[in-house]
Amino acid sequence: MWFFIDYGIMNAMILNNLFDKRMKAILGDEYDEFEKALSRDKVSALRTNTLKYTEDNELHFTFSDKNVPWESNALIYTDGAPGKHPFHEAGVYYIQEPSAMAPVHYLDPKPGEKILDLCAAPGGKTTQIASRMKDEGIIVTNEIDKKRAQILSLNVERCGIKNALVTNADPAQLSEIFEGYFDRILVDAPCSGEGMFRKSDEAVNNWSIDNVMLCADRQKNILDEAVKMLAPGGRLVYSTCTFAPEEDEEAALYLLQKGLIPVKTEPFPGMIHGNTGYLKRVEETYDNNERFKNVVCDDDKSQKVEECSIRLFPHLIDGEGHFLCAFEKEGDIELNKGLYGTNGRIKAVSQNELKIFAEFARDVFADDKNNIEVSSDKSEKGIVTFLGDKLKGTLFMFGDHLYLAPVGMPGLGGLKVMRPGLHLGTIKKDRFEPSHALALFLKKEDVKRERYTRGPLIP
Ligand code: SAM
């Protein structure tokens, strides 16, 4: 007789002893509900990309009538394959599960700000932040892993984001350049992924208590660099998709001990505050283990950590599970306005290259938008404006590629940059070849001619 073994299930069974013990310690009486939730189907959702989505883009999938209270552009779908639809390729929406949309609500990014997404691939939260920035300000979006940084860069392009600088750097390299620079920083940290168990066997297979502790240490190193890069008065949101309190509440405690000020967070229905008691209760599940002896904290610290943190559990909300906490740095954020570095590595666009691009603009952009203006104002030296006033910044060359850097883009010395602004195209001898990124940025009213297949491809 043959037995077929599902290794995903078998691994889940092997890890269950310890993981279950820990979750029982955390959840007490609620554990059964949590366990039932893990055996239900995952919740699937998409978030319309407000940089591109219009009411003409009819989405023919089956949507639930439930909403995601913390993200007004989210739609939960119960049937259909939005990932395979041309709208996905055109960046009309981003597929993202609901609890992963919560950290950006508490980050609260605004147009015109300088924002860092430090652990950003594949780009769910970057694209959500960019939607809220409405093309104004700068988002530096970073990923340490090269392959994942390429995926991040493609998602930035797909979503038509023009004000992003995509980097592939270690947080310590970034903090050398951006000390005290950002108004808001999101650290969506690499974690043990317990909130992914319903979605992915890989997350189950990779779980071990050693990995939890390794992640907890790595997160603190990342947070050290993030704190350096936060401007006085700026906001930092830390998030994970795990339930392990050594990675969640302990990280919040770490930020508190580093002198950041906790921000009181208002939970939506179904969300609950973090709880430092989880650390103590999980510690008690181990025998002779001294690993957690540093975590005991006084009541005042416990209260602060709890008020600034939020937990999303799959048995309490429609989503997979997340943790987040919000802090601010002492100081006045107003003093950070207008402070930008200068970019030493940009090769200026030549008169001839500008002329070639201007010819393309005249030929392709709509008649009322095809003039390229170069500012003669001293305070805006070299700033070009085109496509009406939709695009504004510094034109520069990387090899034969023409880019537009958002106004005030900082210096990039020594950084591995995947996408230094909006890629407009390539200068080929005496003609301009537009890029895919430009095509994905343009709206149909921006151009003289557009092509239709089954519905407008330029949303
Ligand atoms: N924020 C992303 C989103 O919403 O699509 C998900 C980010 S994922 C949870 C964490 C990311 O951190 C991974 O892409 C991982 O490669 C990256 N990472 C791993 N080690 C890191 C480190 N030491 N510093 C910064 N990022 C790291």
# chains A, B, ... in the order shown; residues from 1 in each chain; ligands from 1
call {"tool": "residues_near_ligand", "arguments": {"ligand": "ligand 1", "cutoff": "9 Å", "atoms": "only C-alpha atoms and all ligand atoms", "output": "PDB file with N, CA, C and O atoms, in the first residue's frame"}}
result
ATOM      1  N   GLN A  96      -3.030  42.684  -3.003  1.00  0.00           N
ATOM      2  CA  GLN A  96      -2.426  42.773  -1.662  1.00  0.00           C
ATOM      3  C   GLN A  96      -3.466  42.332  -0.638  1.00  0.00           C
ATOM      4  O   GLN A  96      -4.631  42.732  -0.727  1.00  0.00           O
ATOM      5  N   ALA A 100      -2.023  43.544   5.225  1.00  0.00           N
ATOM      6  CA  ALA A 100      -0.774  44.172   4.768  1.00  0.00           C
ATOM      7  C   ALA A 100      -0.984  45.635   4.375  1.00  0.00           C
ATOM      8  O   ALA A 100      -0.027  46.371   4.153  1.00  0.00           O
ATOM      9  N   MET A 101      -2.256  46.052   4.274  1.00  0.00           N
ATOM     10  CA  MET A 101      -2.524  47.456   3.916  1.00  0.00           C
ATOM     11  C   MET A 101      -2.560  48.359   5.150  1.00  0.00           C
ATOM     12  O   MET A 101      -2.650  49.579   5.013  1.00  0.00           O
ATOM     13  N   ASP A 117      10.833  53.751   2.198  1.00  0.00           N
ATOM     14  CA  ASP A 117      10.321  52.400   2.448  1.00  0.00           C
ATOM     15  C   ASP A 117      11.572  51.523   2.433  1.00  0.00           C
ATOM     16  O   ASP A 117      12.135  51.235   1.376  1.00  0.00           O
ATOM     17  N   LEU A 118      12.011  51.124   3.627  1.00  0.00           N
ATOM     18  CA  LEU A 118      13.369  50.566   3.759  1.00  0.00           C
ATOM     19  C   LEU A 118      13.470  49.102   3.334  1.00  0.00           C
ATOM     20  O   LEU A 118      14.507  48.669   2.851  1.00  0.00           O
ATOM     21  N   CYS A 119      12.439  48.312   3.554  1.00  0.00           N
ATOM     22  CA  CYS A 119      12.466  46.880   3.186  1.00  0.00           C
ATOM     23  C   CYS A 119      11.281  46.674   2.255  1.00  0.00           C
ATOM     24  O   CYS A 119      10.218  46.239   2.690  1.00  0.00           O
ATOM     25  N   ALA A 120      11.451  46.984   0.983  1.00  0.00           N
ATOM     26  CA  ALA A 120      10.267  47.330   0.189  1.00  0.00           C
ATOM     27  C   ALA A 120       9.767  46.285  -0.802  1.00  0.00           C
ATOM     28  O   ALA A 120       8.620  46.371  -1.227  1.00  0.00           O
ATOM     29  N   ALA A 121      10.612  45.315  -1.212  1.00  0.00           N
ATOM     30  CA  ALA A 121      10.154  44.399  -2.268  1.00  0.00           C
ATOM     31  C   ALA A 121       9.107  43.430  -1.731  1.00  0.00           C
ATOM     32  O   ALA A 121       9.192  43.043  -0.568  1.00  0.00           O
ATOM     33  N   PRO A 122       8.124  43.038  -2.537  1.00  0.00           N
ATOM     34  CA  PRO A 122       7.950  43.364  -3.953  1.00  0.00           C
ATOM     35  C   PRO A 122       7.334  44.739  -4.236  1.00  0.00           C
ATOM     36  O   PRO A 122       7.276  45.148  -5.381  1.00  0.00           O
ATOM     37  N   GLY A 123       6.840  45.443  -3.218  1.00  0.00           N
ATOM     38  CA  GLY A 123       6.412  46.817  -3.488  1.00  0.00           C
ATOM     39  C   GLY A 123       4.972  47.130  -3.120  1.00  0.00           C
ATOM     40  O   GLY A 123       4.469  48.188  -3.478  1.00  0.00           O
ATOM     41  N   GLY A 124       4.307  46.207  -2.407  1.00  0.00           N
ATOM     42  CA  GLY A 124       2.908  46.460  -2.035  1.00  0.00           C
ATOM     43  C   GLY A 124       2.754  47.776  -1.298  1.00  0.00           C
ATOM     44  O   GLY A 124       1.920  48.619  -1.651  1.00  0.00           O
ATOM     45  N   LYS A 125       3.588  47.960  -0.290  1.00  0.00           N
ATOM     46  CA  LYS A 125       3.412  49.163   0.542  1.00  0.00           C
ATOM     47  C   LYS A 125       3.987  50.392  -0.162  1.00  0.00           C
ATOM     48  O   LYS A 125       3.457  51.492  -0.019  1.00  0.00           O
ATOM     49  N   THR A 126       5.045  50.228  -0.957  1.00  0.00           N
ATOM     50  CA  THR A 126       5.569  51.354  -1.736  1.00  0.00           C
ATOM     51  C   THR A 126       4.500  51.910  -2.672  1.00  0.00           C
ATOM     52  O   THR A 126       4.293  53.123  -2.753  1.00  0.00           O
ATOM     53  N   THR A 127       3.794  51.016  -3.367  1.00  0.00           N
ATOM     54  CA  THR A 127       2.804  51.502  -4.332  1.00  0.00           C
ATOM     55  C   THR A 127       1.622  52.144  -3.600  1.00  0.00           C
ATOM     56  O   THR A 127       1.020  53.105  -4.088  1.00  0.00           O
ATOM     57  N   GLN A 128       1.330  51.640  -2.411  1.00  0.00           N
ATOM     58  CA  GLN A 128       0.244  52.228  -1.602  1.00  0.00           C
ATOM     59  C   GLN A 128       0.658  53.629  -1.112  1.00  0.00           C
ATOM     60  O   GLN A 128      -0.127  54.573  -1.155  1.00  0.00           O
ATOM     61  N   ASN A 142      13.656  50.933  -1.053  1.00  0.00           N
ATOM     62  CA  ASN A 142      14.896  50.160  -1.023  1.00  0.00           C
ATOM     63  C   ASN A 142      14.643  48.679  -0.782  1.00  0.00           C
ATOM     64  O   ASN A 142      13.762  48.296  -0.021  1.00  0.00           O
ATOM     65  N   GLU A 143      15.483  47.866  -1.426  1.00  0.00           N
ATOM     66  CA  GLU A 143      15.438  46.421  -1.184  1.00  0.00           C
ATOM     67  C   GLU A 143      16.875  45.893  -1.219  1.00  0.00           C
ATOM     68  O   GLU A 143      17.609  46.149  -2.162  1.00  0.00           O
ATOM     69  N   ILE A 144      17.232  45.130  -0.188  1.00  0.00           N
ATOM     70  CA  ILE A 144      18.629  44.677  -0.055  1.00  0.00           C
ATOM     71  C   ILE A 144      18.966  43.559  -1.058  1.00  0.00           C
ATOM     72  O   ILE A 144      20.110  43.432  -1.495  1.00  0.00           O
ATOM     73  N   ASP A 145      17.973  42.764  -1.423  1.00  0.00           N
ATOM     74  CA  ASP A 145      18.221  41.619  -2.289  1.00  0.00           C
ATOM     75  C   ASP A 145      18.069  42.052  -3.750  1.00  0.00           C
ATOM     76  O   ASP A 145      17.040  42.618  -4.131  1.00  0.00           O
ATOM     77  N   LYS A 146      19.107  41.752  -4.566  1.00  0.00           N
ATOM     78  CA  LYS A 146      19.126  42.308  -5.917  1.00  0.00           C
ATOM     79  C   LYS A 146      17.941  41.840  -6.775  1.00  0.00           C
ATOM     80  O   LYS A 146      17.283  42.644  -7.435  1.00  0.00           O
ATOM     81  N   ARG A 148      15.066  40.721  -5.843  1.00  0.00           N
ATOM     82  CA  ARG A 148      13.807  41.294  -5.346  1.00  0.00           C
ATOM     83  C   ARG A 148      13.739  42.795  -5.656  1.00  0.00           C
ATOM     84  O   ARG A 148      12.674  43.335  -5.901  1.00  0.00           O
ATOM     85  N   ALA A 149      14.906  43.454  -5.676  1.00  0.00           N
ATOM     86  CA  ALA A 149      14.924  44.889  -6.020  1.00  0.00           C
ATOM     87  C   ALA A 149      14.484  45.091  -7.473  1.00  0.00           C
ATOM     88  O   ALA A 149      13.836  46.087  -7.806  1.00  0.00           O
ATOM     89  N   LEU A 152      10.789  44.898  -7.457  1.00  0.00           N
ATOM     90  CA  LEU A 152      10.282  46.163  -6.899  1.00  0.00           C
ATOM     91  C   LEU A 152      10.287  47.254  -7.969  1.00  0.00           C
ATOM     92  O   LEU A 152       9.316  47.993  -8.152  1.00  0.00           O
ATOM     93  N   ALA A 169      20.265  48.538  -1.594  1.00  0.00           N
ATOM     94  CA  ALA A 169      21.358  48.821  -0.659  1.00  0.00           C
ATOM     95  C   ALA A 169      21.090  48.211   0.709  1.00  0.00           C
ATOM     96  O   ALA A 169      19.960  47.880   1.072  1.00  0.00           O
ATOM     97  N   ASP A 170      22.183  48.057   1.458  1.00  0.00           N
ATOM     98  CA  ASP A 170      22.085  47.683   2.860  1.00  0.00           C
ATOM     99  C   ASP A 170      21.633  48.932   3.620  1.00  0.00           C
ATOM    100  O   ASP A 170      22.087  50.038   3.302  1.00  0.00           O
ATOM    101  N   PRO A 171      20.754  48.797   4.612  1.00  0.00           N
ATOM    102  CA  PRO A 171      20.309  49.989   5.352  1.00  0.00           C
ATOM    103  C   PRO A 171      21.480  50.835   5.878  1.00  0.00           C
ATOM    104  O   PRO A 171      21.381  52.071   5.917  1.00  0.00           O
ATOM    105  N   ALA A 172      22.598  50.195   6.229  1.00  0.00           N
ATOM    106  CA  ALA A 172      23.734  50.963   6.757  1.00  0.00           C
ATOM    107  C   ALA A 172      24.344  51.862   5.673  1.00  0.00           C
ATOM    108  O   ALA A 172      24.860  52.943   5.981  1.00  0.00           O
ATOM    109  N   LEU A 186       9.010  53.718   6.657  1.00  0.00           N
ATOM    110  CA  LEU A 186       8.349  52.442   6.925  1.00  0.00           C
ATOM    111  C   LEU A 186       9.417  51.355   6.965  1.00  0.00           C
ATOM    112  O   LEU A 186      10.217  51.229   6.037  1.00  0.00           O
ATOM    113  N   VAL A 187       9.425  50.584   8.060  1.00  0.00           N
ATOM    114  CA  VAL A 187      10.289  49.393   8.137  1.00  0.00           C
ATOM    115  C   VAL A 187       9.349  48.192   8.198  1.00  0.00           C
ATOM    116  O   VAL A 187       8.827  47.845   9.254  1.00  0.00           O
ATOM    117  N   ASP A 188       9.077  47.617   7.031  1.00  0.00           N
ATOM    118  CA  ASP A 188       8.232  46.421   6.960  1.00  0.00           C
ATOM    119  C   ASP A 188       9.212  45.250   6.959  1.00  0.00           C
ATOM    120  O   ASP A 188       9.639  44.769   5.909  1.00  0.00           O
ATOM    121  N   ALA A 189       9.555  44.815   8.143  1.00  0.00           N
ATOM    122  CA  ALA A 189      10.794  44.052   8.341  1.00  0.00           C
ATOM    123  C   ALA A 189      10.724  42.607   7.834  1.00  0.00           C
ATOM    124  O   ALA A 189       9.654  41.992   7.855  1.00  0.00           O
ATOM    125  N   PRO A 190      11.899  42.076   7.422  1.00  0.00           N
ATOM    126  CA  PRO A 190      11.962  40.636   7.142  1.00  0.00           C
ATOM    127  C   PRO A 190      11.685  39.908   8.458  1.00  0.00           C
ATOM    128  O   PRO A 190      12.288  40.240   9.484  1.00  0.00           O
ATOM    129  N   CYS A 191      10.765  38.943   8.439  1.00  0.00           N
ATOM    130  CA  CYS A 191      10.324  38.346   9.708  1.00  0.00           C
ATOM    131  C   CYS A 191      10.092  36.856   9.538  1.00  0.00           C
ATOM    132  O   CYS A 191      10.248  36.317   8.453  1.00  0.00           O
ATOM    133  N   GLY A 193       7.374  35.340   9.463  1.00  0.00           N
ATOM    134  CA  GLY A 193       6.263  35.112   8.532  1.00  0.00           C
ATOM    135  C   GLY A 193       5.129  34.234   9.033  1.00  0.00           C
ATOM    136  O   GLY A 193       4.467  33.575   8.232  1.00  0.00           O
ATOM    137  N   CYS A 215      15.644  36.626  13.210  1.00  0.00           N
ATOM    138  CA  CYS A 215      14.890  37.752  12.647  1.00  0.00           C
ATOM    139  C   CYS A 215      14.839  38.901  13.654  1.00  0.00           C
ATOM    140  O   CYS A 215      15.015  40.074  13.287  1.00  0.00           O
ATOM    141  N   ARG A 218      18.082  40.737  13.577  1.00  0.00           N
ATOM    142  CA  ARG A 218      18.259  41.468  12.318  1.00  0.00           C
ATOM    143  C   ARG A 218      17.376  42.720  12.300  1.00  0.00           C
ATOM    144  O   ARG A 218      17.785  43.792  11.862  1.00  0.00           O
ATOM    145  N   GLN A 219      16.164  42.563  12.814  1.00  0.00           N
ATOM    146  CA  GLN A 219      15.238  43.711  12.827  1.00  0.00           C
ATOM    147  C   GLN A 219      15.804  44.865  13.651  1.00  0.00           C
ATOM    148  O   GLN A 219      15.660  46.038  13.271  1.00  0.00           O
ATOM    149  N   ASN A 221      18.938  45.582  14.102  1.00  0.00           N
ATOM    150  CA  ASN A 221      19.999  46.231  13.305  1.00  0.00           C
ATOM    151  C   ASN A 221      19.391  47.169  12.262  1.00  0.00           C
ATOM    152  O   ASN A 221      19.879  48.276  12.040  1.00  0.00           O
ATOM    153  N   ILE A 222      18.323  46.705  11.623  1.00  0.00           N
ATOM    154  CA  ILE A 222      17.670  47.543  10.600  1.00  0.00           C
ATOM    155  C   ILE A 222      17.084  48.793  11.266  1.00  0.00           C
ATOM    156  O   ILE A 222      17.211  49.908  10.745  1.00  0.00           O
ATOM    157  N   SER A 239       6.665  47.297  10.983  1.00  0.00           N
ATOM    158  CA  SER A 239       5.624  46.270  10.863  1.00  0.00           C
ATOM    159  C   SER A 239       6.223  44.918  10.512  1.00  0.00           C
ATOM    160  O   SER A 239       7.338  44.828   9.984  1.00  0.00           O
ATOM    161  N   THR A 240       5.469  43.865  10.840  1.00  0.00           N
ATOM    162  CA  THR A 240       5.845  42.504  10.450  1.00  0.00           C
ATOM    163  C   THR A 240       4.579  41.748  10.091  1.00  0.00           C
ATOM    164  O   THR A 240       3.477  42.175  10.445  1.00  0.00           O
ATOM    165  N   CYS A 241       4.758  40.590   9.432  1.00  0.00           N
ATOM    166  CA  CYS A 241       3.601  39.722   9.217  1.00  0.00           C
ATOM    167  C   CYS A 241       3.782  38.473  10.065  1.00  0.00           C
ATOM    168  O   CYS A 241       3.598  37.363   9.595  1.00  0.00           O
TER     169      CYS A 241
END
call {"tool": "residues_around", "arguments": {"residues": "segment 315-326 of chain A", "least_positions_apart": "2", "cutoff": "7 Å", "atoms": "only C-alpha atoms", "output": "PyMOL selection string"}}
result
chain A and resi 33-34+37+42-43+97-100+103+106+195-196+236-242+248+252+262-263+270-271+308-313
call {"tool": "select_by_dssp", "arguments": {"residues": "segment 26-154 of chain A", "states": "alpha helix (DSSP H)", "output": "number ranges by chain"}}
result
A: 26-27, 31-39, 86-89, 102-107, 124-133, 146-154
call {"tool": "residues_around", "arguments": {"residues": "Val156 of chain A", "least_positions_apart": "6", "cutoff": "10 Å", "atoms": "only C-alpha atoms", "output": "PyMOL selection string"}}
result
chain A and resi 91+122-124+126-127+130+141+150+162-166+419+422+437
call {"tool": "residues_around", "arguments": {"residues": "segment 375-378 of chain A", "least_positions_apart": "5", "cutoff": "12 Å", "atoms": "only C-alpha atoms", "output": "list in words"}}
result
Ile383, Val384, Thr385, Phe386, Lys392, Gly393 and Thr394 of chain A
call {"tool": "write_last_selection", "arguments": {"atoms": "N, CA, C and O atoms", "output": "tab-separated table (two decimals), in the first residue's frame"}}
result
chain	number	residue	atom	x	y	z
A	383	ILE	N	15.43	73.35	-13.74
A	383	ILE	CA	14.20	72.55	-13.58
A	383	ILE	C	13.37	72.66	-14.87
A	383	ILE	O	13.13	73.76	-15.36
A	384	VAL	N	12.96	71.51	-15.40
A	384	VAL	CA	12.12	71.54	-16.59
A	384	VAL	C	10.69	71.15	-16.22
A	384	VAL	O	10.47	70.37	-15.29
A	385	THR	N	9.76	71.72	-16.97
A	385	THR	CA	8.35	71.39	-16.76
A	385	THR	C	7.79	70.98	-18.11
A	385	THR	O	8.04	71.65	-19.11
A	386	PHE	N	7.06	69.88	-18.15
A	386	PHE	CA	6.41	69.51	-19.41
A	386	PHE	C	5.16	68.68	-19.14
A	386	PHE	O	4.83	68.42	-17.99
A	392	LYS	N	7.73	67.60	-13.65
A	392	LYS	CA	8.60	68.71	-13.29
A	392	LYS	C	9.79	68.14	-12.57
A	392	LYS	O	9.64	67.28	-11.68
A	393	GLY	N	10.99	68.56	-12.93
A	393	GLY	CA	12.17	68.05	-12.24
A	393	GLY	C	13.41	68.32	-13.06
A	393	GLY	O	13.43	69.21	-13.91
A	394	THR	N	14.45	67.51	-12.81
A	394	THR	CA	15.71	67.68	-13.52
A	394	THR	C	15.88	66.54	-14.51
A	394	THR	O	15.79	65.37	-14.14
call {"tool": "closest_atom_pairs", "arguments": {"of": "segment 107-169 of chain A", "to": "segment 440-451 of chain A", "cutoff": "10 Å", "atoms": "only C-alpha atoms", "output": "CSV"}}
result
residue,atom,partner,partner_atom,distance
A:Glu157,CA,A:Leu440,CA,6.9
A:Arg158,CA,A:Leu440,CA,6.2
A:Cys159,CA,A:Leu440,CA,7.2
A:Gly160,CA,A:Phe441,CA,4.3
A:Ile161,CA,A:Phe441,CA,7.0
A:Lys162,CA,A:Phe441,CA,7.4
call {"tool": "closest_residue", "arguments": {"among": "A:Glu250, A:Glu71, A:Asp201, A:Glu136", "to": "Ala216 of chain A", "atoms": "only C-alpha atoms"}}
result
A:Glu250
call {"tool": "atom_distance", "arguments": {"atom1": "atom CA of Met418 of chain A", "atom2": "atom CA of Leu395 of chain A"}}
result
16.8 Å
call {"tool": "closest_residue", "arguments": {"among": "A:Asp108, A:Glu58, A:Glu113, A:Asp135", "to": "Tyr181 of chain A", "atoms": "only C-alpha atoms"}}
result
A:Glu113
call {"tool": "select_by_dssp", "arguments": {"residues": "segment 60-130 of chain A", "states": "strand (DSSP E)", "output": "VMD selection string"}}
result
chain A and resid 62 to 63 74 to 79 93 to 95 114 to 117
call {"tool": "closest_residue", "arguments": {"among": "A:Leu116, A:Val212, A:Leu424, A:Ile333", "to": "Val227 of chain A", "atoms": "only C-alpha atoms"}}
result
A:Leu116
call {"tool": "atom_distance", "arguments": {"atom1": "atom CA of Pro111 of chain A", "atom2": "atom CA of Ser44 of chain A"}}
result
28.5 Å
call {"tool": "closest_residue", "arguments": {"among": "A:Asp183, A:Glu30, A:Glu246, A:Leu154", "to": "Gly137 of chain A", "atoms": "only C-alpha atoms"}}
result
A:Asp183
call {"tool": "atom_distance", "arguments": {"atom1": "atom CA of Arg362 of chain A", "atom2": "atom CA of Pro434 of chain A"}}
result
13.2 Å
call {"tool": "residues_around", "arguments": {"residues": "Ile26 of chain A", "least_positions_apart": "6", "cutoff": "10 Å", "atoms": "only C-alpha atoms", "output": "CSV table (one decimal) with all heavy atoms, in the first residue's frame"}}
result
chain,number,residue,atom,x,y,z
A,20,ASP,N,2.3,26.0,18.2
A,20,ASP,CA,1.0,25.9,18.9
A,20,ASP,C,1.1,26.3,20.4
A,20,ASP,O,0.3,27.1,20.9
A,20,ASP,CB,0.4,24.5,18.9
A,20,ASP,CG,-0.2,24.2,17.5
A,20,ASP,OD1,-0.1,25.1,16.6
A,20,ASP,OD2,-0.7,23.1,17.3
A,243,PHE,N,3.5,36.7,14.3
A,243,PHE,CA,2.8,36.9,15.6
A,243,PHE,C,3.8,36.8,16.8
A,243,PHE,O,3.5,37.0,17.9
A,243,PHE,CB,1.8,35.8,15.8
A,243,PHE,CG,0.8,35.7,14.7
A,243,PHE,CD1,0.7,34.6,13.9
A,243,PHE,CD2,0.0,36.8,14.4
A,243,PHE,CE1,-0.2,34.5,12.9
A,243,PHE,CE2,-1.0,36.7,13.4
A,243,PHE,CZ,-1.1,35.6,12.6
A,244,ALA,N,5.1,36.5,16.4
A,244,ALA,CA,6.1,36.3,17.5
A,244,ALA,C,6.4,37.6,18.2
A,244,ALA,O,6.9,38.5,17.7
A,244,ALA,CB,7.4,35.7,16.8
A,245,PRO,N,6.1,37.6,19.5
A,245,PRO,CA,6.3,38.8,20.3
A,245,PRO,C,7.8,39.3,20.4
A,245,PRO,O,8.1,40.4,20.6
A,245,PRO,CB,5.7,38.5,21.7
A,245,PRO,CG,5.6,37.1,21.7
A,245,PRO,CD,5.5,36.5,20.4
A,275,ASN,N,0.7,43.7,23.1
A,275,ASN,CA,0.6,43.3,24.5
A,275,ASN,C,1.9,42.8,25.0
A,275,ASN,O,2.4,41.8,24.5
A,275,ASN,CB,-0.5,42.2,24.7
A,275,ASN,CG,-0.8,41.9,26.1
A,275,ASN,OD1,0.1,42.1,27.0
A,275,ASN,ND2,-2.0,41.4,26.4
A,277,GLY,N,2.6,41.5,27.7
A,277,GLY,CA,2.4,40.3,28.4
A,277,GLY,C,2.6,39.1,27.6
A,277,GLY,O,3.0,38.0,28.1
A,278,TYR,N,2.5,39.2,26.3
A,278,TYR,CA,2.7,38.0,25.4
A,278,TYR,C,4.2,37.5,25.6
A,278,TYR,O,4.4,36.3,25.5
A,278,TYR,CB,2.5,38.4,23.9
A,278,TYR,CG,1.1,38.7,23.5
A,278,TYR,CD1,0.9,39.5,22.3
A,278,TYR,CD2,0.0,38.4,24.2
A,278,TYR,CE1,-0.3,39.8,21.9
A,278,TYR,CE2,-1.3,38.7,23.8
A,278,TYR,CZ,-1.4,39.4,22.6
A,278,TYR,OH,-2.7,39.8,22.2
A,279,LEU,N,5.1,38.5,25.7
A,279,LEU,CA,6.5,38.1,25.8
A,279,LEU,C,6.7,37.3,27.0
A,279,LEU,O,7.4,36.2,27.0
A,279,LEU,CB,7.4,39.4,25.9
A,279,LEU,CG,7.7,40.1,24.6
A,279,LEU,CD1,8.2,41.5,24.9
A,279,LEU,CD2,8.8,39.3,23.9
A,280,LYS,N,6.1,37.7,28.1
A,280,LYS,CA,6.3,37.0,29.4
A,280,LYS,C,5.7,35.6,29.3
A,280,LYS,O,6.3,34.6,29.7
A,280,LYS,CB,5.6,37.8,30.5
A,280,LYS,CG,5.7,37.4,31.9
A,280,LYS,CD,6.8,38.2,32.6
A,280,LYS,CE,7.2,37.6,33.9
A,280,LYS,NZ,7.8,36.3,33.8
A,281,ARG,N,4.5,35.6,28.7
A,281,ARG,CA,3.8,34.3,28.6
A,281,ARG,C,4.5,33.3,27.7
A,281,ARG,O,4.5,32.1,27.9
A,281,ARG,CB,2.3,34.5,28.2
A,281,ARG,CG,1.6,35.2,29.3
A,281,ARG,CD,0.2,35.5,29.2
A,281,ARG,NE,-0.6,35.5,28.0
A,281,ARG,CZ,-1.4,36.5,27.6
A,281,ARG,NH1,-1.5,37.6,28.4
A,281,ARG,NH2,-2.2,36.4,26.6
A,282,VAL,N,5.0,33.8,26.6
A,282,VAL,CA,5.8,32.9,25.7
A,282,VAL,C,7.0,32.4,26.4
A,282,VAL,O,7.4,31.3,26.3
A,282,VAL,CB,6.1,33.7,24.4
A,282,VAL,CG1,7.2,33.0,23.6
A,282,VAL,CG2,4.8,33.8,23.5
call {"tool": "closest_residue", "arguments": {"among": "A:Gln257, A:Asn206, A:Glu328, A:Phe268", "to": "Ala231 of chain A", "atoms": "only C-alpha atoms"}}
result
A:Glu328
